[in-house]
Amino acid sequence: MKKIRYNRVVLVSIFILLIIIMIFYLYLNRNQYYEYDGDIQTIPCTYRQNSKIYSFDLKIFQLEDDYYISLNDLYNMIVILDKNAHVYIHENKHVMVYELTNKTYYFKYGQDKIIYNNDCIHLKDYHTHIYISHKNVYVNVSLIEKLLLNNEKKIKIKKENAIIE
């Protein structure tokens, strides 16, 4: 019988340990997104700026006591606020990007977090999620007011209408 060499045992042990660490890292950083399968309403939304009234359709749904609004539809208002705004989705990366003139927001629906200006909001801290339904990305109204509208405007949903003031 051959004697097992100490160097080979150490090398194989390190290799197996690295594989286990790599699998654990990949498990912790996996993408997991939340799909919403319930009823989604399309309601008219109005927005007033510079004595003009803008109107567009907005997809929303209510989960418990919170309303969730489609970021895809909210693009219509963001373009009014910021003419240089660009919105796009990286489907393979599970990210929706809102590029505004002064900030860029990354809505990472695969990891349930929002990144902007080297700051990160983990939505599990707010007991909410970013939902996906029919290629639309939905975020809680309070987070939209806080981030995209800078707490300057409010979104009020009343009787099948949404008003941005």
# chains A, B, ... in the order shown; residues from 1 in each chain; ligands from 1
>>> select_by_dssp(residues="region 35-140 of chain A", states="strand (DSSP E or B)", output="ChimeraX atom specification")
/A:35,41-49,52-63,66-70,86-90,95-99,104-108,113-116,119-122,131-133,136-140
>>> select_by_dssp(residues="region 10-165 of chain A", states="alpha helix (DSSP H)", output="PyMOL selection string")
chain A and resi 10-28+71-81+141-147
>>> closest_residue(among="A:Val139, A:Leu11, A:Ile16, A:Ile164", to="Ile69 (chain A)", atoms="only C-alpha atoms")
A:Val139
>>> atom_distance(atom1="CA of Lys59 (chain A)", atom2="CA of Asp37 (chain A)")
13.6 Å
>>> residues_around(residues="Tyr36 (chain A)", least_positions_apart="5", cutoff="7 Å", atoms="only C-alpha atoms", output="PyMOL selection string")
chain A and resi 131-133
>>> write_last_selection(atoms="C-alpha atoms", output="short mmCIF file (atom, residue, chain, number, x, y, z; two decimals), in the first residue's frame")
data_model
loop_
_atom_site.label_atom_id
_atom_site.label_comp_id
_atom_site.auth_asym_id
_atom_site.auth_seq_id
_atom_site.Cartn_x
_atom_site.Cartn_y
_atom_site.Cartn_z
CA TYR A 131 -43.02 42.70 -7.28
CA ILE A 132 -43.02 41.57 -10.91
CA SER A 133 -46.16 40.94 -12.93
#
>>> atom_distance(atom1="CA of Thr104 (chain A)", atom2="CA of Leu26 (chain A)")
26.8 Å
>>> closest_residue(among="A:Lys124, A:Ile78, A:Ala162, A:His90", to="Ile43 (chain A)", atoms="only C-alpha atoms")
A:Ala162
>>> atom_distance(atom1="CA of Leu100 (chain A)", atom2="CA of Glu160 (chain A)")
29.2 Å
